[in-house]
file protein_30.cif (mmCIF, C-alpha atoms)
data_protein
loop_
_atom_site.label_atom_id
_atom_site.label_comp_id
_atom_site.auth_asym_id
_atom_site.auth_seq_id
_atom_site.Cartn_x
_atom_site.Cartn_y
_atom_site.Cartn_z
CA MET A 42 99.96 117.29 100.86
CA THR A 43 99.41 113.58 100.35
CA VAL A 44 102.02 111.19 98.98
CA ASN A 45 99.86 110.77 95.90
CA GLU A 46 99.73 114.54 95.26
CA MET A 47 103.47 114.78 95.78
CA LEU A 48 104.01 112.08 93.13
CA GLN A 49 101.65 113.84 90.71
CA ASN A 50 103.64 117.05 91.13
CA SER A 51 106.98 115.40 90.44
CA THR A 52 108.51 113.57 87.52
CA VAL A 53 111.64 112.48 89.34
CA PHE A 54 109.97 110.07 91.76
CA THR A 55 108.61 106.61 90.94
CA CYS A 56 106.38 104.68 93.29
CA LEU A 57 107.25 100.96 93.30
CA ASN A 58 104.01 99.89 94.95
CA PRO A 59 101.10 102.07 93.78
CA ASP A 60 98.80 99.57 95.53
CA ALA A 61 100.06 100.90 98.84
CA LEU A 62 99.01 104.46 98.01
CA SER A 63 96.01 105.70 99.90
CA ASN A 64 95.67 109.14 101.36
CA GLN A 65 98.89 109.19 103.36
CA ASN A 66 99.34 112.77 104.49
CA ILE A 67 102.95 114.00 104.47
CA LYS A 68 103.70 115.74 107.77
CA GLY A 69 107.28 116.73 107.00
CA VAL A 70 110.40 114.94 105.86
CA PHE A 71 113.06 112.97 107.73
CA ILE A 72 116.45 112.13 106.21
CA GLY A 73 118.65 109.45 107.76
CA ASP A 74 120.24 106.05 107.22
CA LEU A 75 121.13 104.91 110.73
CA LEU A 76 117.99 103.00 111.67
CA SER A 77 118.23 103.45 115.43
CA TRP A 78 118.69 107.18 114.90
CA VAL A 79 115.61 107.29 112.70
CA MET A 80 113.73 105.27 115.33
CA GLY A 81 114.72 107.76 118.00
CA ASN A 82 114.14 110.98 116.09
CA GLY A 83 111.60 110.43 113.35
CA ASP A 84 107.98 111.50 113.78
CA GLU A 85 104.70 110.03 112.67
CA GLY A 86 103.56 111.03 109.17
CA GLN A 87 106.98 112.04 107.90
CA LEU A 88 108.26 111.03 104.50
CA TRP A 89 111.53 109.17 105.12
CA VAL A 90 114.46 109.66 102.75
CA THR A 91 117.20 107.02 102.99
CA VAL A 92 119.61 104.91 100.95
CA GLN A 93 118.84 101.75 102.94
CA GLY A 94 116.41 99.40 101.26
CA HIS A 95 116.36 96.21 103.36
CA LEU A 96 113.59 94.61 105.38
CA ASN A 97 114.40 96.44 108.62
CA VAL A 98 113.62 99.70 106.84
CA ALA A 99 110.03 98.58 106.27
CA ALA A 100 109.82 97.63 109.96
CA VAL A 101 111.05 101.04 111.10
CA ALA A 102 108.66 102.81 108.71
CA VAL A 103 105.71 100.84 110.11
CA LEU A 104 106.75 101.44 113.68
CA LYS A 105 107.19 105.18 113.17
CA GLU A 106 104.02 105.36 111.03
CA PHE A 107 105.87 107.18 108.28
CA SER A 108 103.82 108.31 105.30
CA GLY A 109 106.32 106.76 102.89
CA ILE A 110 109.88 105.68 102.15
CA VAL A 111 111.96 107.49 99.53
CA LEU A 112 115.01 105.51 98.39
CA CYS A 113 117.25 108.21 97.03
CA HIS A 114 120.45 108.26 94.97
CA GLY A 115 119.40 105.20 92.98
CA ALA A 116 119.33 102.95 96.07
CA VAL A 117 117.45 99.72 95.45
CA CYS A 118 114.65 98.16 97.45
CA ALA A 119 115.08 94.50 98.49
CA PRO A 120 112.15 92.32 97.35
CA ASP A 121 111.14 91.33 100.91
CA CYS A 122 111.17 94.98 101.97
CA LEU A 123 108.84 95.90 99.12
CA VAL A 124 106.45 93.04 99.88
CA LYS A 125 106.22 93.96 103.55
CA ALA A 126 105.90 97.70 102.87
CA THR A 127 103.06 96.99 100.46
CA GLU A 128 101.30 94.76 103.00
CA GLU A 129 101.58 97.57 105.52
CA ASN A 130 100.44 100.30 103.09
CA ILE A 131 103.76 102.13 103.10
CA PRO A 132 104.53 103.60 99.66
CA VAL A 133 108.12 102.97 98.51
CA ILE A 134 109.38 105.64 96.13
CA ILE A 135 112.64 105.54 94.21
CA THR A 136 114.60 108.42 92.74
CA GLU A 137 118.01 109.18 91.29
CA LEU A 138 118.11 112.45 93.27
CA SER A 139 120.52 112.65 96.20
CA ALA A 140 119.14 113.21 99.69
CA TYR A 141 120.08 116.88 99.42
CA GLU A 142 118.35 117.24 96.06
CA CYS A 143 115.28 115.49 97.49
CA ALA A 144 115.26 118.04 100.30
CA GLN A 145 115.47 120.92 97.81
CA HIS A 146 112.64 119.39 95.83
CA PHE A 147 110.42 118.93 98.88
CA VAL A 148 111.09 122.49 100.02
CA GLN A 149 109.94 123.73 96.59
CA LEU A 150 106.77 121.69 96.99
CA GLY A 151 106.18 123.45 100.28
CA LEU A 152 106.65 120.35 102.45
CA MET B 151 121.77 99.61 113.08
CA MET B 152 122.67 101.47 116.24
CA GLN B 153 125.27 104.23 116.42
CA ASP B 154 127.68 102.21 118.53
CA LEU B 155 128.39 98.64 119.63
CA ALA B 156 127.77 99.28 123.32
CA MET B 157 124.15 100.30 122.64
CA THR B 158 123.67 97.20 120.53
CA ILE B 159 125.01 95.01 123.34
CA LEU B 160 122.69 96.73 125.83
CA ASP B 161 119.71 96.06 123.61
CA ILE B 162 120.50 92.35 123.17
CA ALA B 163 121.43 91.76 126.83
CA ASN B 164 118.18 93.46 127.88
CA ASN B 165 116.36 90.64 126.06
CA SER B 166 118.17 88.21 128.36
CA LEU B 167 117.08 90.15 131.43
CA ALA B 168 113.51 90.22 130.12
CA VAL B 169 113.40 86.40 130.08
CA LYS B 170 114.80 86.28 133.63
CA ALA B 171 118.27 85.01 132.80
CA GLN B 172 120.43 84.83 135.94
CA ARG B 173 123.69 84.73 134.10
CA ILE B 174 124.78 86.71 131.05
CA GLU B 175 128.16 86.35 129.39
CA ILE B 176 129.34 89.01 126.98
CA GLU B 177 132.43 88.06 125.01
CA ILE B 178 134.11 90.64 122.83
CA VAL B 179 137.01 89.87 120.54
CA ASP B 180 138.90 92.87 119.21
CA SER B 181 141.72 91.72 116.95
CA ASP B 182 143.86 93.79 114.62
CA ALA B 183 145.70 90.65 113.50
CA LYS B 184 142.48 89.01 112.33
CA ASN B 185 140.89 92.33 111.32
CA LEU B 186 137.89 91.28 113.38
CA ILE B 187 135.53 92.47 116.04
CA SER B 188 133.08 89.92 117.34
CA ILE B 189 130.43 90.05 120.02
CA GLU B 190 128.85 87.01 121.60
CA ILE B 191 126.11 87.22 124.20
CA LYS B 192 125.09 84.04 126.03
CA ASP B 193 122.46 83.66 128.72
CA ASN B 194 120.91 80.93 130.82
CA GLY B 195 117.36 82.16 130.33
CA LYS B 196 114.45 80.11 129.12
CA GLY B 197 115.89 79.83 125.59
CA MET B 198 114.06 79.90 122.30
CA SER B 199 112.29 77.26 120.23
CA ASP B 200 113.41 76.55 116.66
CA ASP B 201 110.38 78.49 115.45
CA GLN B 202 111.23 81.48 117.59
CA ILE B 203 114.82 81.43 116.33
CA ALA B 204 113.63 81.39 112.73
CA GLN B 205 111.30 84.28 113.43
CA ALA B 206 113.67 86.32 115.58
CA ILE B 207 115.65 87.79 112.71
CA ASP B 208 112.38 88.88 111.13
CA PRO B 209 111.86 92.46 112.30
CA PHE B 210 108.11 92.00 112.15
CA TYR B 211 108.30 89.44 114.95
CA THR B 212 108.44 90.08 118.68
CA THR B 213 107.55 88.22 121.86
CA ARG B 214 106.22 91.42 123.33
CA LYS B 215 102.51 92.03 123.27
CA THR B 216 102.75 95.79 123.34
CA ARG B 217 104.71 96.27 120.14
CA ARG B 218 104.26 94.25 117.02
CA ILE B 219 107.77 94.70 115.73
CA GLY B 220 111.05 93.67 117.41
CA LEU B 221 114.23 95.23 116.14
CA GLY B 222 116.98 94.26 118.61
CA ILE B 223 118.07 91.07 116.88
CA PRO B 224 117.49 92.37 113.31
CA PHE B 225 119.70 95.39 114.10
CA PHE B 226 122.37 93.04 115.50
CA LYS B 227 122.28 91.01 112.29
CA ASP B 228 122.47 94.28 110.31
CA LEU B 229 125.88 94.89 111.88
CA ALA B 230 127.27 91.62 110.56
CA ASP B 231 125.66 92.00 107.13
CA LEU B 232 126.83 95.56 106.65
CA CYS B 233 130.36 95.02 107.96
CA GLU B 234 131.06 91.76 106.08
CA GLY B 235 130.96 89.54 109.14
CA SER B 236 128.79 86.63 110.18
CA PHE B 237 125.79 86.22 112.43
CA SER B 238 124.36 83.28 114.33
CA LEU B 239 121.60 82.70 116.82
CA LYS B 240 121.33 79.41 118.70
CA SER B 241 119.47 78.15 121.69
CA ASP B 242 120.85 75.35 123.82
CA HIS B 243 119.91 75.89 127.47
CA GLY B 244 119.57 79.63 127.01
CA VAL B 245 120.36 81.77 124.02
CA GLN B 246 123.70 82.29 122.26
CA ILE B 247 123.83 85.18 119.84
CA TYR B 248 126.90 86.12 117.83
CA ALA B 249 127.84 88.78 115.32
CA SER B 250 131.23 89.56 113.84
CA MET B 251 132.46 92.46 111.76
CA ARG B 252 135.50 93.32 109.71
CA LYS B 253 137.29 95.67 112.09
CA ASN B 254 138.45 98.09 109.39
CA HIS B 255 135.11 98.17 107.55
CA TRP B 256 133.99 101.74 106.81
CA ASP B 257 130.55 101.20 108.28
CA ARG B 258 131.64 99.51 111.50
CA PRO B 259 130.35 101.56 114.44
CA PRO B 260 132.71 102.54 117.25
CA MET B 261 132.65 100.63 120.56
CA GLY B 262 130.90 103.44 122.43
CA ASP B 263 130.40 103.57 126.18
CA LEU B 264 130.59 99.91 127.20
CA GLY B 265 130.94 100.92 130.86
CA GLU B 266 127.56 102.62 130.67
CA THR B 267 126.07 99.49 129.10
CA ILE B 268 127.38 97.22 131.87
CA SER B 269 126.37 99.56 134.70
CA THR B 270 122.90 99.99 133.17
CA LEU B 271 122.44 96.21 133.01
CA ILE B 272 123.50 95.83 136.65
CA GLN B 273 121.15 98.62 137.67
CA SER B 274 118.26 96.91 135.85
CA ASP B 275 118.89 93.66 137.69
CA PRO B 276 121.49 93.77 140.49
CA ASP B 277 121.09 90.00 141.04
CA VAL B 278 122.21 89.03 137.55
CA HIS B 279 125.62 87.41 137.20
CA LEU B 280 127.35 89.34 134.46
CA ILE B 281 130.64 88.23 132.95
CA LEU B 282 132.38 90.41 130.40
CA THR B 283 135.51 89.25 128.60
CA ILE B 284 137.48 91.31 126.13
CA THR B 285 140.08 89.47 124.08
CA THR B 286 142.65 91.43 122.12
CA ASP B 287 145.70 90.12 120.26
CA ALA B 288 147.73 90.58 123.44
CA GLU B 289 145.48 89.34 126.25
CA THR B 290 142.06 88.48 127.62
CA LYS B 291 140.58 90.80 130.20
CA LYS B 292 137.67 89.86 132.39
CA PHE B 293 135.06 91.64 134.45
CA ASP B 294 132.87 89.44 136.65
CA THR B 295 130.14 90.79 138.95
CA GLU B 296 130.43 87.77 141.29
CA GLU B 297 134.03 88.68 142.11
CA ILE B 298 132.92 92.20 142.97
CA LYS B 299 129.98 91.02 145.05
CA VAL B 300 132.32 88.86 147.18
CA ILE B 301 134.39 91.95 147.99
CA LEU B 302 131.33 94.14 148.57
CA GLU B 303 129.76 91.65 151.02
CA ASP B 304 126.58 93.37 152.27
CA ILE B 305 126.82 96.46 150.08
CA SER B 306 124.63 96.37 146.97
CA ILE B 307 126.40 96.42 143.62
CA ALA B 308 123.62 98.79 142.48
CA GLU B 309 124.77 101.60 144.82
CA PRO B 310 125.44 104.70 142.70
CA GLU B 311 129.10 104.90 143.78
CA ILE B 312 129.69 101.25 142.91
CA LEU B 313 127.97 101.62 139.54
CA PHE B 314 130.12 104.65 138.80
CA TRP B 315 133.21 102.59 139.63
CA VAL B 316 131.93 99.73 137.43
CA LYS B 317 131.48 102.10 134.51
CA GLN B 318 135.01 103.49 134.85
CA THR B 319 136.57 100.07 135.40
CA VAL B 320 134.95 98.60 132.30
CA ASN B 321 135.95 101.57 130.15
CA ASP B 322 139.51 101.33 131.52
CA LEU B 323 139.55 97.65 130.48
CA ILE B 324 138.81 98.64 126.90
CA SER B 325 141.22 101.51 126.65
CA SER B 326 144.14 99.90 128.50
#
call {"tool": "encode", "arguments": {"input": "protein_30.cif", "output": "structure tokens"}}
result
Amino acid sequence: MTVNEMLQNSTVFTCLNPDALSNQNIKGVFIGDLLSWVMGNGDEGQLWVTVQGHLNVAAVAVLKEFSGIVLCHGAVCAPDCLVKATEENIPVIITELSAYECAQHFVQLGL
Amino acid sequence: MMQDLAMTILDIANNSLAVKAQRIEIEIVDSDAKNLISIEIKDNGKGMSDDQIAQAIDPFYTTRKTRRIGLGIPFFKDLADLCEGSFSLKSDHGVQIYASMRKNHWDRPPMGDLGETISTLIQSDPDVHLILTITTDAETKKFDTEEIKVILEDISIAEPEILFWVKQTVNDLISS
């Protein structure tokens, strides 16, 4: 499933930078907020669920080639993070769902 | 951010080794009275230009050719930002990098295995002169590789038994 298809199938997620949407294929989901841990354990193509929204998050997402960033639990995205993510074609998605609820949702979608 | 302070120190000090610094000073202040933990790492490497300093906290900047993004310094700054401390990066004959944290901040990582960090640095470059100082409210404790090398004479500090001793000695310094 692509990030775009995932968004079309959900009403609880909002993409902040639709310009960054292409055909990013979601190859699973990774949940974590400790950036070095995410660096060490995340895999290419995963959709990354976190509450951290600063510039380093965009850097980690680019480096790991994640398919997108989901800022859960109402976490906000810093302006510089959004600019950089958009430049690098990383969709940034916000939601009020908690990380656990995101996981439930993604399981239902078959991710 | 990294899961502990020792890993963060290893990452930053590795930058110093990468620019062929011969001397690295790691100064840790651990104070309950001031509710503060600070880490300063100073080297005598080739230093950084003003431009490089400005760019270094940008995670999309790195001096390495192989990877476009450098995260060591941004992660170090993360520590200070997240734990209500301060951060500075200066270059004056080498590089001086500093981050402080509120000791009782919820998000402050634990110290971690500092002995492992020091022994790993020595193993990477046995010739480097490494000076570690740990200042608590009661005292300042010091670990200096030159003092050990004088005692060792012809034996390399990078011998496995010596490194094992280094690791234990450093961790004893913290816990004592």
call {"tool": "residues_around", "arguments": {"input": "protein_30.cif", "residues": "segment 79-82 of chain A", "least_positions_apart": "3", "cutoff": "12 Å", "atoms": "all atoms listed in the file", "output": "number ranges by chain"}}
result
A: 70-76, 85, 87-91, 93, 97-107; B: 151-153, 221-222, 225
call {"tool": "closest_residue", "arguments": {"input": "protein_30.cif", "among": "A:Asn58, A:Ser108, A:Pro132, A:Val92", "to": "Met42 of chain A", "atoms": "all atoms listed in the file"}}
result
A:Ser108
call {"tool": "atom_distance", "arguments": {"input": "protein_30.cif", "atom1": "atom CA of Asn194 of chain B", "atom2": "atom CA of Gln172 of chain B"}}
result
6.5 Å
call {"tool": "atom_distance", "arguments": {"input": "protein_30.cif", "atom1": "atom CA of Lys292 of chain B", "atom2": "atom CA of Ile191 of chain B"}}
result
14.4 Å
call {"tool": "residues_near_point", "arguments": {"input": "protein_30.cif", "point": "(107.3, 112.9, 93.3)", "cutoff": "10 Å", "atoms": "all atoms listed in the file", "output": "list in words"}}
result
Val44, Asn45, Glu46, Met47, Leu48, Gln49, Asn50, Ser51, Thr52, Val53, Phe54, Thr55, Cys56, Val111, Ile134, Ile135, Thr136, Cys143, His146, Phe147 and Leu150 of chain A
call {"tool": "residues_around", "arguments": {"input": "protein_30.cif", "residues": "segment 275-278 of chain B", "least_positions_apart": "6", "cutoff": "7 Å", "atoms": "all atoms listed in the file", "output": "PyMOL selection string"}}
result
chain B and resi 172-173+307-308
call {"tool": "resolve_selection", "arguments": {"input": "protein_30.cif", "expression": "the PyMOL selection byres ((chain A and resi 96) around 10)", "output": "ChimeraX atom specification"}}
result
/A:93-95,97-101,118-126 /B:208-210,224
call {"tool": "write_last_selection", "arguments": {"input": "protein_30.cif", "atoms": "C-alpha atoms", "output": "PDB file, in the coordinates of the input"}}
result
ATOM      1  CA  GLN A  93     118.840 101.750 102.940  1.00  0.00           C
ATOM      2  CA  GLY A  94     116.410  99.400 101.260  1.00  0.00           C
ATOM      3  CA  HIS A  95     116.360  96.210 103.360  1.00  0.00           C
ATOM      4  CA  ASN A  97     114.400  96.440 108.620  1.00  0.00           C
ATOM      5  CA  VAL A  98     113.620  99.700 106.840  1.00  0.00           C
ATOM      6  CA  ALA A  99     110.030  98.580 106.270  1.00  0.00           C
ATOM      7  CA  ALA A 100     109.820  97.630 109.960  1.00  0.00           C
ATOM      8  CA  VAL A 101     111.050 101.040 111.100  1.00  0.00           C
ATOM      9  CA  CYS A 118     114.650  98.160  97.450  1.00  0.00           C
ATOM     10  CA  ALA A 119     115.080  94.500  98.490  1.00  0.00           C
ATOM     11  CA  PRO A 120     112.150  92.320  97.350  1.00  0.00           C
ATOM     12  CA  ASP A 121     111.140  91.330 100.910  1.00  0.00           C
ATOM     13  CA  CYS A 122     111.170  94.980 101.970  1.00  0.00           C
ATOM     14  CA  LEU A 123     108.840  95.900  99.120  1.00  0.00           C
ATOM     15  CA  VAL A 124     106.450  93.040  99.880  1.00  0.00           C
ATOM     16  CA  LYS A 125     106.220  93.960 103.550  1.00  0.00           C
ATOM     17  CA  ALA A 126     105.900  97.700 102.870  1.00  0.00           C
TER      18      ALA A 126
ATOM     19  CA  ASP B 208     112.380  88.880 111.130  1.00  0.00           C
ATOM     20  CA  PRO B 209     111.860  92.460 112.300  1.00  0.00           C
ATOM     21  CA  PHE B 210     108.110  92.000 112.150  1.00  0.00           C
ATOM     22  CA  PRO B 224     117.490  92.370 113.310  1.00  0.00           C
TER      23      PRO B 224
END
call {"tool": "residues_around", "arguments": {"input": "protein_30.cif", "residues": "segment 295-298 of chain B", "least_positions_apart": "3", "cutoff": "6 Å", "atoms": "all atoms listed in the file", "output": "ChimeraX atom specification"}}
result
/B:279-280,301
call {"tool": "residues_around", "arguments": {"input": "protein_30.cif", "residues": "Gly262 of chain B", "least_positions_apart": "3", "cutoff": "7 Å", "atoms": "all atoms listed in the file", "output": "MDAnalysis selection string"}}
result
chainID B and resid 154:156
call {"tool": "build_atoms", "arguments": {"input": "protein_30.cif", "residues": "segment 293-320 of chain B", "atoms": "N, CA and C atoms", "output": "PDB file, in the frame of the given file"}}
result
ATOM      1  N   PHE B 293     135.785  90.922 133.410  1.00  0.00           N
ATOM      2  CA  PHE B 293     135.060  91.640 134.450  1.00  0.00           C
ATOM      3  C   PHE B 293     133.906  90.750 134.877  1.00  0.00           C
ATOM      4  N   ASP B 294     133.849  90.418 136.176  1.00  0.00           N
ATOM      5  CA  ASP B 294     132.870  89.440 136.650  1.00  0.00           C
ATOM      6  C   ASP B 294     132.167  89.997 137.883  1.00  0.00           C
ATOM      7  N   THR B 295     130.862  90.158 137.823  1.00  0.00           N
ATOM      8  CA  THR B 295     130.140  90.790 138.950  1.00  0.00           C
ATOM      9  C   THR B 295     130.221  89.933 140.217  1.00  0.00           C
ATOM     10  N   GLU B 296     130.359  88.607 140.079  1.00  0.00           N
ATOM     11  CA  GLU B 296     130.430  87.770 141.290  1.00  0.00           C
ATOM     12  C   GLU B 296     131.681  88.091 142.102  1.00  0.00           C
ATOM     13  N   GLU B 297     132.786  88.354 141.402  1.00  0.00           N
ATOM     14  CA  GLU B 297     134.030  88.680 142.110  1.00  0.00           C
ATOM     15  C   GLU B 297     133.878  89.985 142.893  1.00  0.00           C
ATOM     16  N   ILE B 298     133.138  90.909 142.297  1.00  0.00           N
ATOM     17  CA  ILE B 298     132.920  92.200 142.970  1.00  0.00           C
ATOM     18  C   ILE B 298     131.985  92.029 144.157  1.00  0.00           C
ATOM     19  N   LYS B 299     130.960  91.222 143.969  1.00  0.00           N
ATOM     20  CA  LYS B 299     129.980  91.020 145.050  1.00  0.00           C
ATOM     21  C   LYS B 299     130.635  90.372 146.274  1.00  0.00           C
ATOM     22  N   VAL B 300     131.613  89.490 146.055  1.00  0.00           N
ATOM     23  CA  VAL B 300     132.320  88.860 147.180  1.00  0.00           C
ATOM     24  C   VAL B 300     133.038  89.941 148.002  1.00  0.00           C
ATOM     25  N   ILE B 301     133.667  90.878 147.289  1.00  0.00           N
ATOM     26  CA  ILE B 301     134.390  91.950 147.990  1.00  0.00           C
ATOM     27  C   ILE B 301     133.418  92.903 148.687  1.00  0.00           C
ATOM     28  N   LEU B 302     132.292  93.163 148.034  1.00  0.00           N
ATOM     29  CA  LEU B 302     131.330  94.140 148.570  1.00  0.00           C
ATOM     30  C   LEU B 302     130.587  93.609 149.798  1.00  0.00           C
ATOM     31  N   GLU B 303     130.523  92.285 149.934  1.00  0.00           N
ATOM     32  CA  GLU B 303     129.760  91.650 151.020  1.00  0.00           C
ATOM     33  C   GLU B 303     128.330  92.165 151.072  1.00  0.00           C
ATOM     34  N   ASP B 304     127.992  92.977 152.095  1.00  0.00           N
ATOM     35  CA  ASP B 304     126.580  93.370 152.270  1.00  0.00           C
ATOM     36  C   ASP B 304     126.181  94.607 151.459  1.00  0.00           C
ATOM     37  N   ILE B 305     127.144  95.245 150.844  1.00  0.00           N
ATOM     38  CA  ILE B 305     126.820  96.460 150.080  1.00  0.00           C
ATOM     39  C   ILE B 305     126.287  96.054 148.708  1.00  0.00           C
ATOM     40  N   SER B 306     125.209  96.715 148.274  1.00  0.00           N
ATOM     41  CA  SER B 306     124.630  96.370 146.970  1.00  0.00           C
ATOM     42  C   SER B 306     125.513  96.872 145.833  1.00  0.00           C
ATOM     43  N   ILE B 307     125.631  96.032 144.813  1.00  0.00           N
ATOM     44  CA  ILE B 307     126.400  96.420 143.620  1.00  0.00           C
ATOM     45  C   ILE B 307     125.694  97.545 142.873  1.00  0.00           C
ATOM     46  N   ALA B 308     124.397  97.749 143.180  1.00  0.00           N
ATOM     47  CA  ALA B 308     123.620  98.790 142.480  1.00  0.00           C
ATOM     48  C   ALA B 308     123.714 100.156 143.155  1.00  0.00           C
ATOM     49  N   GLU B 309     124.553 100.277 144.214  1.00  0.00           N
ATOM     50  CA  GLU B 309     124.770 101.600 144.820  1.00  0.00           C
ATOM     51  C   GLU B 309     125.381 102.526 143.768  1.00  0.00           C
ATOM     52  N   PRO B 310     124.933 103.782 143.734  1.00  0.00           N
ATOM     53  CA  PRO B 310     125.440 104.700 142.700  1.00  0.00           C
ATOM     54  C   PRO B 310     126.968 104.779 142.622  1.00  0.00           C
ATOM     55  N   GLU B 311     127.630 104.788 143.799  1.00  0.00           N
ATOM     56  CA  GLU B 311     129.100 104.900 143.780  1.00  0.00           C
ATOM     57  C   GLU B 311     129.725 103.664 143.156  1.00  0.00           C
ATOM     58  N   ILE B 312     129.142 102.506 143.450  1.00  0.00           N
ATOM     59  CA  ILE B 312     129.690 101.250 142.910  1.00  0.00           C
ATOM     60  C   ILE B 312     129.472 101.219 141.386  1.00  0.00           C
ATOM     61  N   LEU B 313     128.271 101.620 140.977  1.00  0.00           N
ATOM     62  CA  LEU B 313     127.970 101.620 139.540  1.00  0.00           C
ATOM     63  C   LEU B 313     128.909 102.559 138.785  1.00  0.00           C
ATOM     64  N   PHE B 314     129.199 103.692 139.419  1.00  0.00           N
ATOM     65  CA  PHE B 314     130.120 104.650 138.800  1.00  0.00           C
ATOM     66  C   PHE B 314     131.500 104.020 138.644  1.00  0.00           C
ATOM     67  N   TRP B 315     131.917 103.292 139.675  1.00  0.00           N
ATOM     68  CA  TRP B 315     133.210 102.590 139.630  1.00  0.00           C
ATOM     69  C   TRP B 315     133.189 101.512 138.532  1.00  0.00           C
ATOM     70  N   VAL B 316     132.073 100.785 138.446  1.00  0.00           N
ATOM     71  CA  VAL B 316     131.930  99.730 137.430  1.00  0.00           C
ATOM     72  C   VAL B 316     132.132 100.325 136.034  1.00  0.00           C
ATOM     73  N   LYS B 317     131.436 101.443 135.812  1.00  0.00           N
ATOM     74  CA  LYS B 317     131.480 102.100 134.510  1.00  0.00           C
ATOM     75  C   LYS B 317     132.928 102.474 134.138  1.00  0.00           C
ATOM     76  N   GLN B 318     133.623 103.070 135.109  1.00  0.00           N
ATOM     77  CA  GLN B 318     135.010 103.490 134.850  1.00  0.00           C
ATOM     78  C   GLN B 318     135.924 102.285 134.647  1.00  0.00           C
ATOM     79  N   THR B 319     135.706 101.254 135.465  1.00  0.00           N
ATOM     80  CA  THR B 319     136.570 100.070 135.400  1.00  0.00           C
ATOM     81  C   THR B 319     136.426  99.379 134.047  1.00  0.00           C
ATOM     82  N   VAL B 320     135.185  99.255 133.591  1.00  0.00           N
ATOM     83  CA  VAL B 320     134.950  98.600 132.300  1.00  0.00           C
ATOM     84  C   VAL B 320     135.577  99.433 131.173  1.00  0.00           C
TER      85      VAL B 320
END
